[in-house]
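**Q** Following this message is one structure expressed as structure tokens.
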Amino acid sequence: MKFVIALMLFVPGMAFAYGETVLNRTINPYVPKKGTFTAQAICYKPDANAFKVYVPAHKAVTCKSYRWDHSDSHYPKKVCVGPKVVSYPAKYITASRDYVQEVCIKWNRDDSTRPRCVKSVQQTKKYPLEYTQSVYEMSDYRHERPLSTKTKTIANCY
């Protein structure tokens, strides 16, 4: 019995998997969420105030139309009618660094649990050039304990 308990305490120490997971955190949608990337994948053009982004070749499913399936009475499902697979070639796109965000400037707080926005305004903001890169062990599947965390900057295009 003591051997079984000792073995159970020893097994989690052997759970280290070789390899690492790299996650990138930023509000910039052009920075990949996982993995490392180079200036060939994404770079910043300061003169045009835009990002040059590489989009790899991929396939997507398009539909002629959609219909709702009500066979499951609790949760109707959106069903694709006439699906068609479309192939897109690899290409570079130029995406502006500016984006528009709606910001609430006046709130109705009559209902304390759910304040409602009464008046909002459109603001032009810029996507950041910085992103946070965290490296995790493969065995850390919940990404709770990073091995290292670095703040990096997107490179300029040459």
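Labels used: A, B, ... for chains in the order of the structure tokens, numbers from 1 for residues in each chain, and numbers from 1 for ligands as shown.
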As a PyMOL selection string, list the residues of stretch 15-158 of chain A assigned to strand (DSSP E or B) by DSSP on the backbone atoms of this structure.

**A** chain A and resi 20-25+34+42-45+50-55+58-69+77-88+91-96+98-108+116-126+130-137+148-153+156

**Q** Near stretch 127-134 of chain A, counting only C-alpha atoms, which residues have an atom at most 9 Å away, once you skip same-chain residues fewer than 2 positions from it, shown as number ranges by chain?

**A** A: 21-29, 31, 35-36, 44, 96-99, 125, 136, 146-155

**Q** How many Å separate atom CA of A:Trp68 from atom CA of A:Cys80?

**A**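 Atom-to-atom, atom CA of A:Trp68 and atom CA of A:Cys80 are spaced 8.9 Å apart.
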
**Q** Using only C-alpha atoms for the distances, tell me which of A:Lys119, A:Ala90, A:Cys43, A:Ser73 is nearest to A:Cys104.

**A**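 Answer, going by the shortest atom-to-atom distance: A:Lys119.
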
**Q** Determine, counting only C-alpha atoms, which protein, DNA and RNA residues have an atom within 12 Å of an atom of A:Pro89; residues of the same chain fewer than 3 positions away are not included. Present the result as number ranges by chain.

**A** A: 54-60, 86, 92

**Q** My list of candidates is A:Lys52, A:Lys126, A:Arg109, A:Lys45. Which is closest to A:Tyr30 when distances are computed with only C-alpha atoms?

**A** A:Lys52

**Q** According to DSSP computed on the backbone, where in chain A is there alpha helix (DSSP H)? Give the residues as an NGL selection string.

**A** :A and (2-10)

**Q** Counting only C-alpha atoms, which of A:Gly82, A:Thr94, A:Gln101, A:Tyr158 gets nearest to A:Phe51?

**A**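 Of A:Gly82, A:Thr94, A:Gln101, A:Tyr158, the one nearest A:Phe51, counting only C-alpha atoms, is A:Thr94.
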
**Q** May I ask for the distance between atom CA of A:Val81 and atom CA of A:Arg67, given in Å to one decimal place?

**A**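 Atom-to-atom, atom CA of A:Val81 and atom CA of A:Arg67 are spaced 7.0 Å apart.
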
**Q** Figure out the distance between atom CA of A:Gln123 and atom CA of A:Pro46, please, to one decimal in Å.

**A** 21.4 Å
